[in-house]
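**Q** Input: one structure, supplied below.
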Amino acid sequence: MWQKYINAADIEEALEILSTYGEKARIIAGATDLILEIERGVRNGIEIVVDITRIPDLDQITLAEDDWIHLGPMVTHNHCVASKLMRERGYPLARAAWEVGAPQIRNRGTVAGNLITASPANDTITPLMALGAQVTLRSLEGKRVIPLDTFYTGVRKNVMRADEMLVDIAFPAMNENQRGVFSKLGLRRSQAISVVDLAIVLTFEGDTISDAAITLGAVAPTIIHARNAETYLRGKTLTGEIIDEAARLTMQDSRPIDDVRGSATYRREMVRVLTTRGLGAISRGEEQLEFPSDPVLLWGQATPGDAAHTSTGSTFTGQENIQTMINGQPFTFERGYENTLLHLLRDEAGLIGTKEGCAEGECGACTVFLDGVAVMSCLVPAARAHGAQIITVEGLAQPERLHPVQATFVHEGAVQCGYCTPGFVMSAAKLLEEYPQPSREQIKHAITGNLCRCTGYYKIVDAIEKASQMEV
């Protein structure tokens, strides 16, 4: 897929490469979008990828003295979900991050990558625009600070130059007199692209709205503001009549099209419905009612990022060896750097327990642990394995003793064709490391990234629940 893979040691090295190679080079962080774009021919001419995941401190969420929240370029969606600061003072973004993909995707996909991809259906753009966010772009020539509402020029288009890297996302932290929500309509409960999504941030003086931001995704070529509804709400209180009229105006401000996920007429009506629900939740103080207090991250006991930062920069062009630890054993690979971690494990390491199902991050059959957290190996570049710690399904069991999840899958008959089973087992094992006594709801959340075409999932959930009652 690429001719040269570089694990950058610092931002300066990454910028030097971008400056030298221009359009032929791309930054890789989570790579959950870029790998698929390269494979599908959406991004052509990319010869060099620059992996920034080894650079320390790029995954921080901080509150500055000016009361602005800052996100580094390696902040993942699950970082936002887990952040107490984000949940308290940037809730619409935390909720949007929770709606992205599945736990394995949220452990790799970054907010910065979501913004740069520039799809009008990408979940995190909508709340960040409602929150008044800006991005900082850096090149060897200096920095540019761009308000997010001027960052986009069209579908999958933005103002970034080929020599620039997004180094910061920032927005004013929400105050006590501000309330906000994010709502999304998809065609299924998880792993769904938005048919419509919406963010609302209201500022109050007592019960009166002094300012309003309503932003809409998947209803125009870019994320848009519902300007007429925002103007209407200022100076109003949230009565049922006001909510109904604001929802109607928001619907009128949308500009959807017909596509495979929904008709324009359906989208407009769903804009009205989501606006009604969002404003209603704010009026009742129920914005976070459905957001879990103990979200499933599939981090186990790991702190994402720490292990990744132990390696220095490295370059792979086919002449260098990838050196890594898999299931506690050292491995050296002389080839495979230009492929995904999934193929490195199966084709080069001979560890075929990790399955290839969809090869696009939809089915979870390829789930492994990378530096302690669950990821889908089909969306991880192979060279990311250099200096990493990897666990596959072959590494779960102890000598002469199955992992409790493996044992209960057998005992409960949770296996049918068995193809998806390694992915389910890996997700369940990481869940039990994170929550030794999970609720059934947490079990269901843990396997939202794993698809089985044989069963109704009941025996799978039962098996995981039984495993939680055993000694791990």
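Each chain in the structure tokens gets a letter, A, B, ..., in the order shown, and its residues are numbered from 1; ligands are numbered from 1 in order too.
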Find the spatial neighbours of A:Ala199, counting only C-alpha atoms, within a cut-off of 9 Å - ignore same-chain residues fewer than 2 positions away - and output them as a ChimeraX atom specification.

**A** /A:92-93,96,126-131,180-184,197,201,213-217,275,278

**Q** Write to file, as a compact mmCIF listing (two decimals), in the first residue's frame, the residues of the selection just made, with C-alpha atoms.

**A**
```
# COMPACT_ATOMS: atom_id res chain seq x y z
CA PRO A 92 -21.65 16.95 23.23
CA LEU A 93 -18.21 15.85 21.98
CA ALA A 96 -20.47 11.96 19.78
CA THR A 126 -20.92 18.47 14.44
CA PRO A 127 -20.47 18.99 18.22
CA LEU A 128 -17.08 20.66 17.82
CA MET A 129 -18.58 23.20 15.46
CA ALA A 130 -21.43 23.85 17.90
CA LEU A 131 -18.85 24.33 20.66
CA GLY A 180 -25.57 20.75 25.31
CA VAL A 181 -26.54 17.51 23.57
CA PHE A 182 -25.53 15.38 20.61
CA SER A 183 -28.01 13.12 18.82
CA LYS A 184 -27.46 10.67 16.00
CA ASP A 197 -26.71 13.93 13.41
CA VAL A 201 -25.32 24.08 22.76
CA ALA A 213 -25.76 26.93 18.47
CA ILE A 214 -27.42 24.15 16.47
CA THR A 215 -25.30 22.24 13.99
CA LEU A 216 -26.32 19.49 11.58
CA GLY A 217 -24.40 16.62 9.99
CA THR A 275 -34.13 18.69 17.46
CA GLY A 278 -32.54 17.36 22.07
```

**Q** Could you name the residues that touch A:Ser194 at 8 Å or less, counting only C-alpha atoms, but leaving out those on the same chain fewer than 3 positions away, as an MDAnalysis selection string?

**A** chainID A and resid 121:123 184:187 197 217:218

**Q** Write the selection just made, keeping C-alpha atoms, as a compact mmCIF listing (two decimals), in the first residue's frame?

**A**
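Once everything was written out, this is result-v1.txt:
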```
# COMPACT_ATOMS: atom_id res chain seq x y z
CA ALA A 121 -21.47 12.28 8.25
CA ASN A 122 -18.47 12.19 10.60
CA ASP A 123 -19.82 12.41 14.13
CA LYS A 184 -27.46 10.67 16.00
CA LEU A 185 -29.73 8.57 13.82
CA GLY A 186 -28.13 5.48 12.26
CA LEU A 187 -29.50 2.37 10.60
CA ASP A 197 -26.71 13.93 13.41
CA GLY A 217 -24.40 16.62 9.99
CA ALA A 218 -25.20 14.45 6.95
```

**Q** Any idea what's packed within 8 Å of stretch 433-438 of chain A, counting only C-alpha atoms, ignoring anything in its chain fewer than 6 positions away? Could you give it as JSON, numbers by chain?

**A** {"A": [296, 298, 299, 300, 301, 465, 468, 469]}

**Q** Mind checking which residues fall within 8 Å of stretch 42-58 of chain A, counting only C-alpha atoms, ignoring those fewer than 2 positions away in the same chain, and posting them as an mmCIF file with C-alpha atoms, in the first residue's frame?

**A**
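Final output, part01.cif:
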```cif
data_model
loop_
_atom_site.group_PDB
_atom_site.id
_atom_site.type_symbol
_atom_site.label_atom_id
_atom_site.label_comp_id
_atom_site.auth_asym_id
_atom_site.auth_seq_id
_atom_site.Cartn_x
_atom_site.Cartn_y
_atom_site.Cartn_z
ATOM 1 C CA MET A 1 0.000 0.000 0.000
ATOM 2 C CA TRP A 2 2.959 2.317 0.610
ATOM 3 C CA GLN A 3 6.627 2.379 -0.329
ATOM 4 C CA LYS A 4 8.016 3.843 2.879
ATOM 5 C CA TYR A 5 6.668 3.709 6.430
ATOM 6 C CA ILE A 6 8.154 6.081 8.984
ATOM 7 C CA ASN A 7 7.564 6.014 12.739
ATOM 8 C CA ALA A 8 8.289 9.676 13.495
ATOM 9 C CA ALA A 9 10.238 10.466 16.666
ATOM 10 C CA ASP A 10 8.844 14.006 16.958
ATOM 11 C CA ILE A 11 6.629 16.553 15.213
ATOM 12 C CA ALA A 14 6.987 14.609 10.588
ATOM 13 C CA ILE A 17 8.848 14.711 5.656
ATOM 14 C CA GLU A 23 1.198 15.101 -1.734
ATOM 15 C CA LYS A 24 3.135 11.821 -1.751
ATOM 16 C CA ALA A 25 3.195 11.743 2.081
ATOM 17 C CA ARG A 26 0.408 11.424 4.642
ATOM 18 C CA ILE A 27 0.224 11.444 8.428
ATOM 19 C CA ILE A 28 -1.091 8.241 10.030
ATOM 20 C CA ALA A 29 -2.564 8.312 13.534
ATOM 21 C CA LEU A 34 -6.726 6.243 5.570
ATOM 22 C CA GLU A 37 -9.099 5.033 1.417
ATOM 23 C CA ILE A 38 -5.753 3.800 0.089
ATOM 24 C CA GLU A 39 -7.067 0.272 -0.493
ATOM 25 C CA ARG A 40 -10.174 1.567 -2.294
ATOM 26 C CA GLN A 60 -3.579 14.673 26.033
ATOM 27 C CA GLY A 72 -3.823 16.707 20.914
ATOM 28 C CA PRO A 73 -3.747 15.054 17.471
ATOM 29 C CA MET A 74 -3.529 11.565 19.005
ATOM 30 C CA VAL A 75 -6.620 11.911 21.210
ATOM 31 C CA GLY A 305 -0.284 5.428 24.739
ATOM 32 C CA ALA A 308 3.638 3.131 22.337
ATOM 33 C CA HIS A 309 5.916 5.914 23.515
ATOM 34 C CA THR A 310 8.743 3.588 24.525
ATOM 35 C CA SER A 311 10.008 3.234 20.952
ATOM 36 C CA THR A 312 12.103 5.759 19.053
ATOM 37 C CA GLY A 313 11.667 6.676 15.405
ATOM 38 C CA ARG A 384 3.068 -0.304 13.898
#
```

**Q** Extract, using only C-alpha atoms, all DNA, RNA and protein residues at most 12 Å from A:Gly154, discarding same-chain residues fewer than 5 positions from it, and format them as a PDB file with N, CA and C atoms, in the first residue's frame.

**A**
```pdb
ATOM      1  N   ILE A 116     -10.230  15.725   9.790  1.00  0.00           N
ATOM      2  CA  ILE A 116      -9.497  15.876   8.533  1.00  0.00           C
ATOM      3  C   ILE A 116     -10.171  15.128   7.390  1.00  0.00           C
ATOM      4  N   THR A 117     -10.742  13.963   7.669  1.00  0.00           N
ATOM      5  CA  THR A 117     -11.413  13.185   6.626  1.00  0.00           C
ATOM      6  C   THR A 117     -12.542  13.984   5.985  1.00  0.00           C
ATOM      7  N   ALA A 118     -13.186  14.833   6.787  1.00  0.00           N
ATOM      8  CA  ALA A 118     -14.114  15.845   6.265  1.00  0.00           C
ATOM      9  C   ALA A 118     -15.388  15.296   5.662  1.00  0.00           C
ATOM     10  N   SER A 119     -15.800  14.106   6.078  1.00  0.00           N
ATOM     11  CA  SER A 119     -17.100  13.614   5.641  1.00  0.00           C
ATOM     12  C   SER A 119     -18.198  14.353   6.396  1.00  0.00           C
ATOM     13  N   PRO A 120     -19.262  14.776   5.722  1.00  0.00           N
ATOM     14  CA  PRO A 120     -20.348  15.459   6.429  1.00  0.00           C
ATOM     15  C   PRO A 120     -21.101  14.548   7.393  1.00  0.00           C
ATOM     16  N   ASP A 149     -15.562  26.283  11.510  1.00  0.00           N
ATOM     17  CA  ASP A 149     -16.628  26.540  10.536  1.00  0.00           C
ATOM     18  C   ASP A 149     -16.108  27.134   9.229  1.00  0.00           C
ATOM     19  N   VAL A 159      -9.108  22.964   4.121  1.00  0.00           N
ATOM     20  CA  VAL A 159      -8.124  23.975   3.709  1.00  0.00           C
ATOM     21  C   VAL A 159      -6.682  23.564   4.008  1.00  0.00           C
ATOM     22  N   ALA A 220     -26.014  18.133   4.374  1.00  0.00           N
ATOM     23  CA  ALA A 220     -25.462  19.140   3.468  1.00  0.00           C
ATOM     24  C   ALA A 220     -24.042  18.690   3.108  1.00  0.00           C
ATOM     25  N   PRO A 221     -23.400  19.327   2.137  1.00  0.00           N
ATOM     26  CA  PRO A 221     -22.035  18.919   1.769  1.00  0.00           C
ATOM     27  C   PRO A 221     -21.027  19.047   2.908  1.00  0.00           C
ATOM     28  N   THR A 222     -21.274  19.956   3.830  1.00  0.00           N
ATOM     29  CA  THR A 222     -20.450  20.107   5.032  1.00  0.00           C
ATOM     30  C   THR A 222     -21.367  20.214   6.241  1.00  0.00           C
ATOM     31  N   ILE A 223     -20.780  20.210   7.429  1.00  0.00           N
ATOM     32  CA  ILE A 223     -21.582  20.462   8.638  1.00  0.00           C
ATOM     33  C   ILE A 223     -22.075  21.904   8.592  1.00  0.00           C
ATOM     34  N   ILE A 224     -23.357  22.111   8.910  1.00  0.00           N
ATOM     35  CA  ILE A 224     -23.932  23.458   8.800  1.00  0.00           C
ATOM     36  C   ILE A 224     -24.604  23.872  10.110  1.00  0.00           C
TER      37      ILE A 224
END
```

**Q** Would you list, as an MDAnalysis selection string, the residues of stretch 243-463 of chain A that end up in helix (DSSP H, G or I) under DSSP run on this structure's backbone?

**A** chainID A and resid 243:253 264:284 308:310 341:348 377:379 382:385 393:395 404:411 421:434 440:446 458:463

**Q** Restrict the calculation to only C-alpha atoms, then for each residue of stretch 309-416 of chain A with any atom at most 10 Å from an atom of stretch 440-450 of chain A give the closest atom pair and their distance in Å to one decimal, rows by chain and rising residue number, as a tab-separated table.

**A**
```
residue	atom	partner	partner_atom	distance
A:Gly361	CA	A:Gly449	CA	8.2
A:Glu362	CA	A:Gly449	CA	6.8
A:Cys363	CA	A:Asn450	CA	5.1
A:Gly364	CA	A:Asn450	CA	4.4
A:Ala365	CA	A:Asn450	CA	6.6
A:Cys366	CA	A:Asn450	CA	9.3
A:Thr367	CA	A:Asn450	CA	8.6
A:Val375	CA	A:Gly449	CA	9.9
A:Met376	CA	A:Gly449	CA	9.0
```

**Q** Hey, which of A:Lys355, A:Arg268, A:His386, A:Arg277 ends up closest to A:Phe316? Count only C-alpha atoms.

**A** A:His386

**Q** Which is closer to A:Asn177 than all the others in A:Leu274, A:Ile282, A:Lys157, A:His225, using only C-alpha atoms?

**A** A:Ile282

**Q** Using only C-alpha atoms, which of the listed residues (A:Phe409, A:Tyr266, A:Tyr91, A:Tyr152) sits closest to A:Val196?

**A**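 Nearest candidate to A:Val196 out of A:Phe409, A:Tyr266, A:Tyr91, A:Tyr152: A:Tyr266.
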
**Q** Using only C-alpha atoms for the distances, tell me which of A:Phe291, A:Phe424, A:Tyr337, A:Trp68 is nearest to A:Asn321.

**A**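 Answer, going by the shortest atom-to-atom distance: A:Tyr337.
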
**Q** Which residues come within 10 Å of A:Thr408, counting only C-alpha atoms, excluding same-chain residues fewer than 2 positions away, as number ranges by chain?

**A** A: 402-406, 410-414, 459-460, 462-468, 470

**Q** Print the selection's residues with C-alpha atoms to a file, as a CSV table (one decimal), in the first residue's frame.

**A**
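Listing of out-v1.csv after writing:
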```csv
chain,number,residue,atom,x,y,z
A,402,LEU,CA,-8.3,-22.4,28.8
A,403,HIS,CA,-9.1,-18.7,29.5
A,404,PRO,CA,-12.5,-18.6,31.3
A,405,VAL,CA,-14.1,-17.0,28.3
A,406,GLN,CA,-12.9,-19.8,26.0
A,410,VAL,CA,-17.5,-24.3,24.8
A,411,HIS,CA,-19.7,-25.1,27.7
A,412,GLU,CA,-22.6,-22.8,26.8
A,413,GLY,CA,-22.5,-23.6,23.1
A,414,ALA,CA,-21.7,-20.1,22.1
A,459,LYS,CA,-25.5,-17.8,24.1
A,460,ILE,CA,-22.5,-15.5,23.5
A,462,ASP,CA,-24.6,-15.9,28.5
A,463,ALA,CA,-21.1,-17.4,28.1
A,464,ILE,CA,-19.4,-14.1,28.9
A,465,GLU,CA,-21.6,-13.6,31.9
A,466,LYS,CA,-20.7,-17.1,33.1
A,467,ALA,CA,-17.0,-16.4,32.5
A,468,SER,CA,-17.2,-13.4,34.8
A,470,MET,CA,-15.0,-17.8,37.2
```

**Q** Which of these residues is nearest to A:Ser427, using only C-alpha atoms: A:Ala64, A:Leu279, A:Ala102, A:Leu15?

**A**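 Nearest candidate to A:Ser427 out of A:Ala64, A:Leu279, A:Ala102, A:Leu15: A:Ala102.
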
**Q** Based on DSSP run over this structure's backbone, return all residues of stretch 28-87 of chain A in strand (DSSP E), as a compact mmCIF listing (two decimals) with N, CA and C atoms, in the first residue's frame.

**A**
```
# COMPACT_ATOMS: atom_id res chain seq x y z
N ILE A 28 -0.24 9.31 9.52
CA ILE A 28 -1.09 8.24 10.03
C ILE A 28 -1.15 8.36 11.55
N ILE A 48 4.44 7.51 0.96
CA ILE A 48 5.07 7.55 2.28
C ILE A 48 4.02 7.84 3.33
N VAL A 49 3.97 7.04 4.37
CA VAL A 49 3.10 7.33 5.50
C VAL A 49 3.96 7.61 6.73
N VAL A 50 3.53 8.58 7.51
CA VAL A 50 4.27 9.01 8.68
C VAL A 50 3.44 8.73 9.91
N ASP A 51 3.84 7.75 10.70
CA ASP A 51 3.12 7.32 11.89
C ASP A 51 3.56 8.20 13.06
N ILE A 61 -5.71 15.53 26.78
CA ILE A 61 -6.85 16.45 26.83
C ILE A 61 -6.61 17.36 28.02
N THR A 62 -6.49 18.66 27.78
CA THR A 62 -6.10 19.58 28.85
C THR A 62 -7.02 20.80 28.88
N LEU A 63 -7.09 21.42 30.05
CA LEU A 63 -7.83 22.67 30.24
C LEU A 63 -6.81 23.77 30.48
N TRP A 68 -10.03 27.19 27.92
CA TRP A 68 -10.25 26.47 26.67
C TRP A 68 -9.75 25.04 26.84
N ILE A 69 -10.49 24.09 26.29
CA ILE A 69 -10.08 22.69 26.29
C ILE A 69 -9.28 22.42 25.02
N HIS A 70 -8.16 21.72 25.18
CA HIS A 70 -7.28 21.40 24.05
C HIS A 70 -7.16 19.89 23.89
N LEU A 71 -7.26 19.43 22.65
CA LEU A 71 -7.09 18.01 22.33
C LEU A 71 -5.88 17.87 21.41
```

**Q** Take atom CA of A:Asn327 and atom CA of A:Glu394 and report the distance between them in Å, one decimal.

**A**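 Between these atoms lies a distance of 7.4 Å.
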
**Q** Could you check the closest approach to A:Gly206 for each of A:Lys84, A:Lys236, A:Arg95, A:Arg188 and tell me which residue wins, using only C-alpha atoms?

**A** A:Lys236
